[in-house]
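Q: My file is structure37.cif. It has mmCIF, C-alpha atoms:
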```
data_work
#
loop_
_atom_site.group_PDB
_atom_site.id
_atom_site.type_symbol
_atom_site.label_atom_id
_atom_site.label_comp_id
_atom_site.auth_asym_id
_atom_site.auth_seq_id
_atom_site.Cartn_x
_atom_site.Cartn_y
_atom_site.Cartn_z
ATOM 1 C CA MET W 485 -6.727 19.224 8.573
ATOM 2 C CA THR W 486 -3.838 21.040 10.258
ATOM 3 C CA ASP W 487 -1.617 23.649 8.678
ATOM 4 C CA LYS W 488 1.442 21.394 8.849
ATOM 5 C CA THR W 489 -0.174 18.324 7.284
ATOM 6 C CA TRP W 490 0.532 17.563 3.621
ATOM 7 C CA TRP W 491 -2.218 16.010 1.493
ATOM 8 C CA GLY W 492 -2.694 15.114 -2.122
ATOM 9 C CA TRP W 493 -5.098 17.548 -3.769
ATOM 10 C CA ARG W 494 -7.784 14.881 -4.122
ATOM 11 C CA GLU W 495 -7.965 14.164 -0.393
ATOM 12 C CA ALA W 496 -7.524 17.820 0.530
ATOM 13 C CA THR W 497 -10.421 18.795 -1.743
ATOM 14 C CA GLU W 498 -12.656 16.026 -0.407
ATOM 15 C CA ARG W 499 -12.127 17.261 3.151
ATOM 16 C CA ALA W 500 -12.491 20.935 2.281
ATOM 17 C CA LEU W 501 -15.673 20.554 0.227
ATOM 18 C CA TYR W 502 -17.467 17.609 1.811
ATOM 19 C CA GLY W 503 -15.893 16.988 5.230
ATOM 20 C CA PRO W 504 -17.341 18.295 8.519
ATOM 21 C CA GLY W 505 -18.259 21.935 7.951
ATOM 22 C CA GLY W 506 -17.247 21.569 4.301
ATOM 23 C CA PHE W 507 -17.884 24.302 1.777
ATOM 24 C CA TYR W 508 -20.632 22.430 -0.104
ATOM 25 C CA LEU W 509 -22.490 21.422 3.043
ATOM 26 C CA ARG W 510 -23.207 25.011 4.081
ATOM 27 C CA PRO W 511 -26.833 26.230 4.108
ATOM 28 C CA GLU W 512 -26.334 28.866 1.385
ATOM 29 C CA GLY W 513 -25.309 26.241 -1.155
ATOM 30 C CA PRO W 514 -23.455 26.924 -4.410
ATOM 31 C CA ALA W 515 -25.766 29.820 -5.320
ATOM 32 C CA GLY W 516 -24.313 31.773 -2.419
ATOM 33 C CA HIS W 517 -20.920 31.866 -4.105
ATOM 34 C CA PHE W 518 -21.236 31.589 -7.878
ATOM 35 C CA ARG W 519 -23.799 31.778 -10.644
ATOM 36 C CA THR W 520 -24.429 28.740 -12.814
ATOM 37 C CA SER W 521 -26.634 28.541 -15.900
ATOM 38 C CA VAL W 522 -29.454 27.387 -13.622
ATOM 39 C CA HIS W 523 -29.263 30.617 -11.647
ATOM 40 C CA ALA W 524 -28.681 32.830 -14.697
ATOM 41 C CA SER W 525 -32.115 32.321 -16.244
ATOM 42 C CA PRO W 526 -35.258 30.175 -16.049
ATOM 43 C CA LEU W 527 -34.705 29.616 -19.778
ATOM 44 C CA PHE W 528 -32.162 26.957 -18.809
ATOM 45 C CA ALA W 529 -34.715 24.940 -16.821
ATOM 46 C CA GLY W 530 -37.164 25.392 -19.697
ATOM 47 C CA ALA W 531 -34.631 23.945 -22.113
ATOM 48 C CA VAL W 532 -34.014 20.969 -19.806
ATOM 49 C CA ALA W 533 -37.780 20.478 -19.593
ATOM 50 C CA ARG W 534 -37.979 20.298 -23.394
ATOM 51 C CA LEU W 535 -35.068 17.872 -23.428
ATOM 52 C CA LEU W 536 -36.869 15.738 -20.847
ATOM 53 C CA ALA W 537 -40.035 15.760 -22.951
ATOM 54 C CA GLY W 538 -37.991 14.638 -25.961
ATOM 55 C CA VAL W 539 -36.522 11.760 -23.970
ATOM 56 C CA ALA W 540 -40.001 10.726 -22.834
ATOM 57 C CA GLU W 541 -41.146 10.742 -26.457
ATOM 58 C CA GLU W 542 -38.184 8.584 -27.465
ATOM 59 C CA LEU W 543 -39.093 6.126 -24.717
ATOM 60 C CA GLY W 544 -42.760 6.167 -25.729
ATOM 61 C CA THR W 545 -44.036 7.183 -22.296
ATOM 62 C CA ASP W 546 -45.556 10.112 -20.428
ATOM 63 C CA ARG W 547 -44.003 8.969 -17.132
ATOM 64 C CA VAL W 548 -40.331 9.800 -16.926
ATOM 65 C CA ASP W 549 -37.546 10.122 -14.366
ATOM 66 C CA LEU W 550 -35.398 13.239 -13.985
ATOM 67 C CA VAL W 551 -32.215 12.709 -11.974
ATOM 68 C CA ASP W 552 -30.307 15.906 -11.135
ATOM 69 C CA VAL W 553 -26.776 14.967 -10.050
ATOM 70 C CA GLY W 554 -25.086 17.681 -8.012
ATOM 71 C CA ALA W 555 -28.466 19.295 -7.441
ATOM 72 C CA GLY W 556 -27.330 22.183 -5.251
ATOM 73 C CA ARG W 557 -30.477 23.147 -3.399
ATOM 74 C CA GLY W 558 -32.888 21.759 -5.999
ATOM 75 C CA GLU W 559 -33.175 24.909 -8.109
ATOM 76 C CA LEU W 560 -33.084 23.138 -11.488
ATOM 77 C CA LEU W 561 -35.628 20.517 -10.478
ATOM 78 C CA ALA W 562 -37.990 23.202 -9.192
ATOM 79 C CA GLY W 563 -37.681 25.016 -12.512
ATOM 80 C CA VAL W 564 -38.282 21.899 -14.610
ATOM 81 C CA LEU W 565 -41.286 20.842 -12.542
ATOM 82 C CA ALA W 566 -42.762 24.308 -13.025
ATOM 83 C CA ALA W 567 -42.050 24.227 -16.751
ATOM 84 C CA THR W 568 -43.716 20.826 -17.211
ATOM 85 C CA ALA W 569 -46.837 21.666 -15.192
ATOM 86 C CA GLY W 570 -49.931 21.058 -17.279
ATOM 87 C CA SER W 571 -47.949 19.383 -20.063
ATOM 88 C CA GLY W 572 -49.330 15.913 -19.427
ATOM 89 C CA LEU W 573 -45.847 14.702 -18.520
ATOM 90 C CA SER W 574 -45.535 12.884 -15.191
ATOM 91 C CA VAL W 575 -42.065 13.566 -13.773
ATOM 92 C CA ARG W 576 -40.489 11.638 -10.941
ATOM 93 C CA ALA W 577 -37.704 13.941 -9.721
ATOM 94 C CA TYR W 578 -34.562 12.947 -7.844
ATOM 95 C CA ALA W 579 -32.056 15.399 -6.360
ATOM 96 C CA VAL W 580 -28.653 13.757 -5.903
ATOM 97 C CA GLU W 581 -26.675 15.815 -3.419
ATOM 98 C CA ARG W 582 -24.419 15.312 -0.394
ATOM 99 C CA ALA W 583 -25.811 18.298 1.499
ATOM 100 C CA ALA W 584 -28.981 18.075 3.569
ATOM 101 C CA ARG W 585 -32.382 18.585 1.980
ATOM 102 C CA PRO W 586 -33.267 22.302 2.027
ATOM 103 C CA ASP W 587 -36.421 23.584 3.664
ATOM 104 C CA GLY W 588 -39.322 24.393 1.377
ATOM 105 C CA LEU W 589 -38.317 22.128 -1.507
ATOM 106 C CA ASP W 590 -41.197 20.718 -3.566
ATOM 107 C CA PRO W 591 -42.270 17.506 -1.779
ATOM 108 C CA ARG W 592 -42.345 15.714 -5.140
ATOM 109 C CA VAL W 593 -38.549 15.830 -5.206
ATOM 110 C CA GLU W 594 -36.850 12.789 -3.691
ATOM 111 C CA TRP W 595 -33.596 13.797 -1.978
ATOM 112 C CA THR W 596 -30.820 11.210 -2.131
ATOM 113 C CA ASP W 597 -27.034 10.979 -1.934
ATOM 114 C CA ARG W 598 -26.688 8.701 -4.967
ATOM 115 C CA PRO W 599 -28.427 8.255 -8.333
ATOM 116 C CA PRO W 600 -31.285 5.741 -8.259
ATOM 117 C CA ARG W 601 -30.569 2.565 -10.190
ATOM 118 C CA GLY W 602 -32.911 1.623 -13.011
ATOM 119 C CA ALA W 603 -34.067 5.169 -13.781
ATOM 120 C CA ARG W 604 -35.784 5.667 -17.118
ATOM 121 C CA GLY W 605 -35.526 9.200 -18.441
ATOM 122 C CA LEU W 606 -32.941 11.975 -18.131
ATOM 123 C CA LEU W 607 -29.917 12.067 -15.845
ATOM 124 C CA PHE W 608 -28.602 15.638 -15.845
ATOM 125 C CA ALA W 609 -25.375 16.788 -14.170
ATOM 126 C CA ASN W 610 -24.797 20.544 -14.399
ATOM 127 C CA GLU W 611 -21.400 21.621 -13.023
ATOM 128 C CA TRP W 612 -21.050 18.426 -10.997
ATOM 129 C CA LEU W 613 -17.953 16.774 -12.419
ATOM 130 C CA ASP W 614 -15.733 19.810 -11.817
ATOM 131 C CA ASN W 615 -16.301 19.315 -8.099
ATOM 132 C CA VAL W 616 -15.421 15.624 -8.083
ATOM 133 C CA PRO W 617 -12.048 15.801 -6.266
ATOM 134 C CA VAL W 618 -8.949 14.923 -8.278
ATOM 135 C CA ASP W 619 -5.213 14.913 -7.709
ATOM 136 C CA ALA W 620 -2.893 17.390 -9.367
ATOM 137 C CA ALA W 621 0.396 16.398 -11.008
ATOM 138 C CA GLU W 622 3.438 18.362 -12.148
ATOM 139 C CA ALA W 623 6.586 17.506 -14.072
ATOM 140 C CA ASP W 624 9.689 18.296 -12.032
ATOM 141 C CA ALA W 625 12.941 19.794 -13.331
ATOM 142 C CA ALA W 626 14.080 16.364 -14.558
ATOM 143 C CA GLY W 627 10.756 15.686 -16.302
ATOM 144 C CA THR W 628 9.487 13.186 -13.708
ATOM 145 C CA VAL W 629 5.746 13.601 -13.172
ATOM 146 C CA ARG W 630 4.932 13.870 -9.478
ATOM 147 C CA TYR W 631 1.843 14.339 -7.358
ATOM 148 C CA VAL W 632 1.334 17.868 -6.043
ATOM 149 C CA GLU W 633 0.825 17.977 -2.265
ATOM 150 C CA VAL W 634 -0.804 20.842 -0.392
ATOM 151 C CA ARG W 635 -1.301 22.183 3.112
ATOM 152 C CA ALA W 636 -4.490 23.731 4.472
ATOM 153 C CA ASP W 637 -3.056 27.206 3.832
ATOM 154 C CA GLY W 638 -2.544 26.454 0.124
ATOM 155 C CA THR W 639 1.222 25.924 0.262
ATOM 156 C CA GLU W 640 2.312 23.275 -2.241
ATOM 157 C CA ARG W 641 5.219 20.914 -2.789
ATOM 158 C CA LEU W 642 5.979 18.033 -5.145
ATOM 159 C CA GLY W 643 5.507 14.540 -3.750
ATOM 160 C CA ALA W 644 5.972 10.994 -4.999
ATOM 161 C CA PRO W 645 6.125 10.111 -8.717
ATOM 162 C CA VAL W 646 2.752 9.404 -10.302
ATOM 163 C CA SER W 647 2.335 5.696 -11.008
ATOM 164 C CA GLY W 648 -0.204 2.990 -11.815
ATOM 165 C CA ALA W 649 -3.633 3.888 -13.179
ATOM 166 C CA ASP W 650 -3.034 7.619 -12.656
ATOM 167 C CA ALA W 651 0.138 7.508 -14.770
ATOM 168 C CA GLU W 652 -1.700 5.576 -17.474
ATOM 169 C CA TRP W 653 -4.498 8.146 -17.484
ATOM 170 C CA LEU W 654 -2.045 11.024 -17.859
ATOM 171 C CA GLU W 655 -0.179 9.312 -20.664
ATOM 172 C CA ARG W 656 -3.389 8.739 -22.591
ATOM 173 C CA TRP W 657 -5.248 11.956 -21.897
ATOM 174 C CA TRP W 658 -2.876 14.632 -20.639
ATOM 175 C CA PRO W 659 0.821 13.793 -21.092
ATOM 176 C CA LEU W 660 3.231 16.116 -19.282
ATOM 177 C CA ARG W 661 6.495 16.491 -21.204
ATOM 178 C CA ASP W 662 8.016 19.789 -20.078
ATOM 179 C CA PRO W 663 9.314 20.691 -16.602
ATOM 180 C CA GLY W 664 6.675 22.735 -14.775
ATOM 181 C CA ALA W 665 3.801 21.420 -16.898
ATOM 182 C CA ARG W 666 0.826 20.574 -14.743
ATOM 183 C CA ALA W 667 -2.442 18.641 -14.982
ATOM 184 C CA GLU W 668 -5.425 17.492 -12.985
ATOM 185 C CA ILE W 669 -5.730 13.693 -13.076
ATOM 186 C CA GLY W 670 -9.315 13.193 -14.227
ATOM 187 C CA ARG W 671 -9.609 9.455 -13.598
ATOM 188 C CA PRO W 672 -11.987 9.833 -10.584
ATOM 189 C CA ARG W 673 -14.291 11.956 -12.743
ATOM 190 C CA ASP W 674 -14.292 9.343 -15.497
ATOM 191 C CA GLU W 675 -15.279 6.735 -12.925
ATOM 192 C CA ALA W 676 -17.938 8.955 -11.345
ATOM 193 C CA TRP W 677 -19.507 9.682 -14.729
ATOM 194 C CA ALA W 678 -19.446 6.028 -15.847
ATOM 195 C CA SER W 679 -21.076 5.029 -12.553
ATOM 196 C CA ALA W 680 -23.810 7.649 -12.941
ATOM 197 C CA VAL W 681 -24.543 6.570 -16.525
ATOM 198 C CA SER W 682 -24.775 2.932 -15.418
ATOM 199 C CA CYS W 683 -27.737 3.854 -13.186
ATOM 200 C CA LEU W 684 -29.888 4.604 -16.256
ATOM 201 C CA ALA W 685 -31.982 1.746 -17.566
ATOM 202 C CA ALA W 686 -32.964 3.853 -20.579
ATOM 203 C CA GLY W 687 -32.873 7.469 -21.691
ATOM 204 C CA ARG W 688 -30.060 10.024 -21.793
ATOM 205 C CA ALA W 689 -27.307 11.113 -19.458
ATOM 206 C CA VAL W 690 -26.016 14.683 -19.885
ATOM 207 C CA ALA W 691 -23.019 16.283 -18.182
ATOM 208 C CA VAL W 692 -22.570 20.051 -18.539
ATOM 209 C CA ASP W 693 -19.342 21.673 -17.420
ATOM 210 C CA TYR W 694 -16.527 24.011 -18.267
ATOM 211 C CA ALA W 695 -14.188 21.573 -19.890
ATOM 212 C CA HIS W 696 -11.361 20.912 -22.309
ATOM 213 C CA VAL W 697 -10.382 18.163 -24.723
ATOM 214 C CA ARG W 698 -7.031 16.724 -25.715
ATOM 215 C CA GLY W 699 -5.244 19.199 -27.944
ATOM 216 C CA SER W 700 -6.476 22.175 -25.938
ATOM 217 C CA ARG W 701 -5.511 21.302 -22.375
ATOM 218 C CA PRO W 702 -4.315 24.230 -20.233
ATOM 219 C CA PRO W 703 -0.510 23.877 -19.902
ATOM 220 C CA PHE W 704 -0.508 24.482 -16.150
ATOM 221 C CA GLY W 705 -3.868 22.987 -15.210
ATOM 222 C CA SER W 706 -6.898 24.999 -14.144
ATOM 223 C CA LEU W 707 -7.256 24.439 -10.398
ATOM 224 C CA THR W 708 -8.762 27.524 -8.761
ATOM 225 C CA GLY W 709 -11.071 28.685 -5.996
ATOM 226 C CA PHE W 710 -14.299 30.711 -5.809
ATOM 227 C CA ARG W 711 -15.823 32.574 -2.910
ATOM 228 C CA ALA W 712 -18.760 35.021 -2.885
ATOM 229 C CA GLY W 713 -18.720 35.331 -6.661
ATOM 230 C CA ARG W 714 -14.996 36.011 -6.986
ATOM 231 C CA GLU W 715 -12.108 33.850 -8.131
ATOM 232 C CA VAL W 716 -9.634 33.301 -5.291
ATOM 233 C CA PRO W 717 -6.497 31.192 -4.765
ATOM 234 C CA PRO W 718 -7.327 27.499 -4.228
ATOM 235 C CA VAL W 719 -6.899 27.033 -0.483
ATOM 236 C CA PRO W 720 -8.255 23.720 0.892
ATOM 237 C CA ASP W 721 -9.401 25.009 4.280
ATOM 238 C CA GLY W 722 -13.153 24.912 3.599
ATOM 239 C CA SER W 723 -13.386 28.657 2.981
ATOM 240 C CA CYS W 724 -13.906 28.471 -0.803
ATOM 241 C CA ASP W 725 -15.013 26.285 -3.670
ATOM 242 C CA LEU W 726 -12.236 24.213 -5.240
ATOM 243 C CA THR W 727 -12.701 23.466 -8.907
ATOM 244 C CA SER W 728 -10.905 22.666 -12.144
ATOM 245 C CA HIS W 729 -12.000 22.200 -15.738
ATOM 246 C CA VAL W 730 -13.080 18.698 -16.767
ATOM 247 C CA ALA W 731 -11.344 16.520 -19.356
ATOM 248 C CA LEU W 732 -14.758 15.710 -20.750
ATOM 249 C CA ASP W 733 -13.462 13.694 -23.707
ATOM 250 C CA ALA W 734 -11.947 11.253 -21.214
ATOM 251 C CA CYS W 735 -15.300 11.016 -19.408
ATOM 252 C CA ALA W 736 -16.976 10.332 -22.744
ATOM 253 C CA ALA W 737 -14.630 7.428 -23.427
ATOM 254 C CA ALA W 738 -15.116 6.038 -19.923
ATOM 255 C CA SER W 739 -18.878 5.692 -20.400
ATOM 256 C CA SER W 740 -18.341 4.106 -23.850
ATOM 257 C CA GLY W 741 -21.350 4.188 -26.138
ATOM 258 C CA GLY W 742 -19.568 5.001 -29.383
ATOM 259 C CA ALA W 743 -22.124 6.528 -31.730
ATOM 260 C CA ASP W 744 -24.457 7.037 -28.732
ATOM 261 C CA THR W 745 -22.118 9.681 -27.279
ATOM 262 C CA GLU W 746 -21.956 13.336 -28.354
ATOM 263 C CA LEU W 747 -19.911 16.335 -27.206
ATOM 264 C CA VAL W 748 -21.094 19.837 -28.213
ATOM 265 C CA THR W 749 -20.915 23.363 -26.821
ATOM 266 C CA GLN W 750 -23.712 24.709 -24.646
ATOM 267 C CA ARG W 751 -24.343 27.288 -27.352
ATOM 268 C CA GLU W 752 -25.167 24.531 -29.834
ATOM 269 C CA ALA W 753 -27.073 22.371 -27.333
ATOM 270 C CA LEU W 754 -29.341 25.207 -26.205
ATOM 271 C CA ARG W 755 -29.956 26.407 -29.750
ATOM 272 C CA ARG W 756 -31.272 22.937 -30.558
ATOM 273 C CA LEU W 757 -33.631 23.328 -27.591
ATOM 274 C CA GLY W 758 -34.934 26.708 -28.751
ATOM 275 C CA VAL W 759 -32.715 29.060 -26.731
ATOM 276 C CA THR W 760 -31.163 31.310 -29.369
ATOM 277 C CA GLY W 761 -30.664 34.794 -27.976
ATOM 278 C CA ASP W 762 -32.197 36.340 -31.114
ATOM 279 C CA ARG W 763 -33.691 39.786 -30.559
ATOM 280 C CA PRO W 764 -37.460 40.173 -31.112
ATOM 281 C CA PRO W 765 -38.565 42.062 -34.242
ATOM 282 C CA LEU W 766 -38.666 45.819 -33.670
ATOM 283 C CA ALA W 767 -42.193 45.955 -35.103
ATOM 284 C CA LEU W 768 -43.397 44.151 -31.957
ATOM 285 C CA ALA W 769 -42.531 47.253 -29.927
ATOM 286 C CA SER W 770 -45.376 49.197 -31.549
ATOM 287 C CA THR W 771 -47.983 46.419 -31.651
ATOM 288 C CA ASP W 772 -47.257 44.892 -28.224
ATOM 289 C CA PRO W 773 -44.889 47.062 -26.163
ATOM 290 C CA ALA W 774 -45.108 44.901 -23.034
ATOM 291 C CA GLY W 775 -44.559 41.749 -25.070
ATOM 292 C CA TYR W 776 -41.560 43.356 -26.747
ATOM 293 C CA VAL W 777 -39.988 44.205 -23.386
ATOM 294 C CA ARG W 778 -40.517 40.636 -22.158
ATOM 295 C CA ALA W 779 -39.087 39.188 -25.346
ATOM 296 C CA LEU W 780 -36.102 41.533 -25.192
ATOM 297 C CA SER W 781 -35.386 40.493 -21.604
ATOM 298 C CA SER W 782 -35.645 36.844 -22.572
ATOM 299 C CA ALA W 783 -33.272 37.396 -25.485
ATOM 300 C CA GLY W 784 -30.750 38.975 -23.121
ATOM 301 C CA GLU W 785 -30.900 35.985 -20.793
ATOM 302 C CA ALA W 786 -30.569 33.596 -23.731
ATOM 303 C CA ALA W 787 -27.574 35.548 -24.986
ATOM 304 C CA GLU W 788 -25.842 35.107 -21.626
ATOM 305 C CA LEU W 789 -26.507 31.357 -21.637
ATOM 306 C CA THR W 790 -25.081 30.974 -25.156
ATOM 307 C CA ALA W 791 -22.336 33.615 -25.133
ATOM 308 C CA ARG W 792 -18.954 32.796 -26.646
ATOM 309 C CA GLY W 793 -16.252 33.260 -24.045
ATOM 310 C CA GLY W 794 -18.819 32.581 -21.315
ATOM 311 C CA LEU W 795 -21.513 30.033 -20.525
ATOM 312 C CA GLY W 796 -21.956 29.213 -24.205
ATOM 313 C CA ASP W 797 -18.476 27.656 -24.235
ATOM 314 C CA PHE W 798 -19.418 25.032 -21.656
ATOM 315 C CA LEU W 799 -19.469 21.531 -23.118
ATOM 316 C CA TRP W 800 -22.440 19.170 -23.043
ATOM 317 C CA LEU W 801 -21.611 15.466 -23.001
ATOM 318 C CA THR W 802 -24.628 13.365 -23.942
ATOM 319 C CA ARG W 803 -24.779 9.599 -23.632
ATOM 320 C CA ARG W 804 -27.869 7.838 -24.991
ATOM 321 C CA VAL W 805 -28.883 4.653 -23.201
ATOM 322 C CA PRO W 806 -31.299 2.565 -25.285
ATOM 323 C CA PRO W 807 -33.782 0.295 -23.502
ATOM 324 C CA ALA W 808 -32.474 -3.235 -23.039
ATOM 325 C CA ASP W 809 -35.462 -4.558 -24.964
ATOM 326 C CA GLY W 810 -35.399 -1.845 -27.638
ATOM 327 C CA PRO W 811 -33.358 -0.884 -30.714
#
```
Let me see the structure of the file written as structure tokens.
A:
Amino acid sequence: MTDKTWWGWREATERALYGPGGFYLRPEGPAGHFRTSVHASPLFAGAVARLLAGVAEELGTDRVDLVDVGAGRGELLAGVLAATAGSGLSVRAYAVERAARPDGLDPRVEWTDRPPRGARGLLFANEWLDNVPVDAAEADAAGTVRYVEVRADGTERLGAPVSGADAEWLERWWPLRDPGARAEIGRPRDEAWASAVSCLAAGRAVAVDYAHVRGSRPPFGSLTGFRAGREVPPVPDGSCDLTSHVALDACAAASSGGADTELVTQREALRRLGVTGDRPPLALASTDPAGYVRALSSAGEAAELTARGGLGDFLWLTRRVPPADGP
């Protein structure tokens, strides 16, 4: 990409994140630049392990697949495999990632660039959809909605009017009425999520992301960049992460399912899985001081994972996929 070339944000992001030398193909991986729930605490992997066990119970089996989409460097899978050790659960683990397999990863993990078809178990996508590249759109002074084009240095201009399937998506999910109003066109994310769900023969698919729903969309979009733990301007030159919040209600509709689909906050989802953030009773400090310190540390980690205004506000989209031969 040259400085004088104009691209739509979707193509610019694809090149910057996943092209030669792209941001997400670097050895340090996402953990080198920002902290997800997976990196915040092993309690997150423990919760996913309990969710996986629940899915196995629903399927009536002790052999279950775990498909981690957008697996980073396999951190979540390593945590879940450790948490399920000795449980009697046999886990076949798949890491779905476009980067190369990292050194030292548990040999039980199969590294692949696409979800395996026919999996039976849990497909889990933590902060994956926000990095599926999308175009940006903006209403011009006359109210015409146009694609936003960008150069490698981050300079923007308005391009052609949005039309076709993209215009239909905006009208349904994120209509732009006022000059200057802006949106990210989430149609590619809807399609990516529906495709991932279709790979499950039975079980549950879960997407976790910072997201919004119709009625609470950000008026000027949410496209931004991250580098070395700091938010930076979104510049598509490969130097930073490029991300925007996910219209997760649109993804939910794209994978259909009706009553088999649920959208809740991470705070609620983790509480159901036993991660509450409640402080241990003070009496434990006198009877088991070391245990009290461990419990207090765990409560602090749980509080971060479920905090309002932070990770607890992430949304969990769950799609149940019943066996073809079952109820």
Q: Listing only residues of range 597-677 of chain W within 9 Å of range 545-556 of chain W, what is the closest atom pair and its distance in Å (to one decimal) for each, using only C-alpha atoms, sorted by chain and residue number ascending, as CSV?
A:
```
residue,atom,partner,partner_atom,distance
W:Arg598,CA,W:Val553,CA,8.1
W:Pro599,CA,W:Val551,CA,6.9
W:Pro600,CA,W:Val551,CA,8.0
W:Ala603,CA,W:Asp549,CA,6.1
W:Arg604,CA,W:Asp549,CA,5.5
W:Gly605,CA,W:Asp549,CA,4.6
W:Leu606,CA,W:Leu550,CA,5.0
W:Leu607,CA,W:Val551,CA,4.5
W:Phe608,CA,W:Asp552,CA,5.0
W:Ala609,CA,W:Val553,CA,4.7
W:Asn610,CA,W:Gly554,CA,7.0
W:Glu611,CA,W:Gly554,CA,7.4
W:Trp612,CA,W:Gly554,CA,5.1
W:Leu613,CA,W:Gly554,CA,8.4
W:Asn615,CA,W:Gly554,CA,8.9
```
Q: Export, as a CSV table (one decimal), in the coordinates of the input, the selected residues with C-alpha atoms.
A:
```
chain,number,residue,atom,x,y,z
W,598,ARG,CA,-26.7,8.7,-5.0
W,599,PRO,CA,-28.4,8.3,-8.3
W,600,PRO,CA,-31.3,5.7,-8.3
W,603,ALA,CA,-34.1,5.2,-13.8
W,604,ARG,CA,-35.8,5.7,-17.1
W,605,GLY,CA,-35.5,9.2,-18.4
W,606,LEU,CA,-32.9,12.0,-18.1
W,607,LEU,CA,-29.9,12.1,-15.8
W,608,PHE,CA,-28.6,15.6,-15.8
W,609,ALA,CA,-25.4,16.8,-14.2
W,610,ASN,CA,-24.8,20.5,-14.4
W,611,GLU,CA,-21.4,21.6,-13.0
W,612,TRP,CA,-21.0,18.4,-11.0
W,613,LEU,CA,-18.0,16.8,-12.4
W,615,ASN,CA,-16.3,19.3,-8.1
```
Q: Could you tell me which residues the PyMOL selection byres ((chain W and resi 792-807) around 9) grabs in this file, written as a ChimeraX atom specification?
A: /W:520-521,543,604,681-682,684-696,732-733,735-736,739-741,743-754,787-791,808-811
Q: Record the distance separating CA of Asp674 in chain W and CA of Ala738 in chain W, expressed in Å with one decimal.
A: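 So the answer is 5.6 Å.
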Q: List the residues matched by the PyMOL selection byres ((chain W and resi 583-594) around 12) in the displayed structure as a PyMOL selection string, ordered by chain and then by residue number.
A: chain W and resi 501-514+549-552+554-566+574-582+595-600
Q: Filtering to C-alpha atoms, could you give me those residues as a short mmCIF file (atom, residue, chain, number, x, y, z; two decimals), in the frame of the given file?
A:
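The new file again-v1.cif reads:
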```
data_model
loop_
_atom_site.label_atom_id
_atom_site.label_comp_id
_atom_site.auth_asym_id
_atom_site.auth_seq_id
_atom_site.Cartn_x
_atom_site.Cartn_y
_atom_site.Cartn_z
CA LEU W 501 -15.67 20.55 0.23
CA TYR W 502 -17.47 17.61 1.81
CA GLY W 503 -15.89 16.99 5.23
CA PRO W 504 -17.34 18.30 8.52
CA GLY W 505 -18.26 21.94 7.95
CA GLY W 506 -17.25 21.57 4.30
CA PHE W 507 -17.88 24.30 1.78
CA TYR W 508 -20.63 22.43 -0.10
CA LEU W 509 -22.49 21.42 3.04
CA ARG W 510 -23.21 25.01 4.08
CA PRO W 511 -26.83 26.23 4.11
CA GLU W 512 -26.33 28.87 1.38
CA GLY W 513 -25.31 26.24 -1.16
CA PRO W 514 -23.46 26.92 -4.41
CA ASP W 549 -37.55 10.12 -14.37
CA LEU W 550 -35.40 13.24 -13.98
CA VAL W 551 -32.22 12.71 -11.97
CA ASP W 552 -30.31 15.91 -11.14
CA GLY W 554 -25.09 17.68 -8.01
CA ALA W 555 -28.47 19.30 -7.44
CA GLY W 556 -27.33 22.18 -5.25
CA ARG W 557 -30.48 23.15 -3.40
CA GLY W 558 -32.89 21.76 -6.00
CA GLU W 559 -33.17 24.91 -8.11
CA LEU W 560 -33.08 23.14 -11.49
CA LEU W 561 -35.63 20.52 -10.48
CA ALA W 562 -37.99 23.20 -9.19
CA GLY W 563 -37.68 25.02 -12.51
CA VAL W 564 -38.28 21.90 -14.61
CA LEU W 565 -41.29 20.84 -12.54
CA ALA W 566 -42.76 24.31 -13.02
CA SER W 574 -45.54 12.88 -15.19
CA VAL W 575 -42.06 13.57 -13.77
CA ARG W 576 -40.49 11.64 -10.94
CA ALA W 577 -37.70 13.94 -9.72
CA TYR W 578 -34.56 12.95 -7.84
CA ALA W 579 -32.06 15.40 -6.36
CA VAL W 580 -28.65 13.76 -5.90
CA GLU W 581 -26.68 15.82 -3.42
CA ARG W 582 -24.42 15.31 -0.39
CA TRP W 595 -33.60 13.80 -1.98
CA THR W 596 -30.82 11.21 -2.13
CA ASP W 597 -27.03 10.98 -1.93
CA ARG W 598 -26.69 8.70 -4.97
CA PRO W 599 -28.43 8.26 -8.33
CA PRO W 600 -31.28 5.74 -8.26
#
```
Q: Work out how far CA of Glu498 in chain W is from CA of Ala623 in chain W, in Å to one decimal.
A: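 Going from CA of Ala623 in chain W over to CA of Glu498 in chain W, I get 23.6 Å.
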Q: Would you work out the distance separating CA of Gly643 in chain W from CA of Pro663 in chain W, expressed in Å to one decimal?
A: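 We find that CA of Gly643 in chain W and CA of Pro663 in chain W lie 14.7 Å from each other.
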Q: With distances taken over only C-alpha atoms, which of W:Ser679, W:Thr628, W:Ala537, W:Arg519 is nearest to Arg714 in chain W?
A: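 Ranked by minimum distance to Arg714 in chain W, first place goes to W:Arg519.
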Q: Using only C-alpha atoms, which residues sit within 8 Å of Ile669 in chain W once same-chain residues fewer than 2 positions away are excluded, as a PyMOL selection string?
A: chain W and resi 618-621+650+653-654+667+671-672
Q: Extract, using all atoms listed in the file, all DNA, RNA and protein residues at most 10 Å from Asp721 in chain W, discarding same-chain residues fewer than 2 positions from it, and format them as a list in words.
A: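 Neighbouring residues, sequence-local ones excluded: Met485, Thr486, Asp487, Ala496, Thr497, Arg499, Ala500, Leu501, Gly506, Phe507, Arg635, Ala636, Asp637, Gly638, Pro718, Val719, Ser723, Cys724, Asp725 and Leu726 of chain W.
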Q: Name the residues, using the chain letters and numbers of the file, that sit within 9 Å of (-9.1, 25.0, -10.8) when counting all atoms listed in the file, and give them as a list of chain:residue names.
A: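 Collected hits near the coordinates: W:Asp614, W:Glu668, W:Gly705, W:Ser706, W:Leu707, W:Thr708, W:Gly709, W:Pro718, W:Leu726, W:Thr727, W:Ser728, W:His729.
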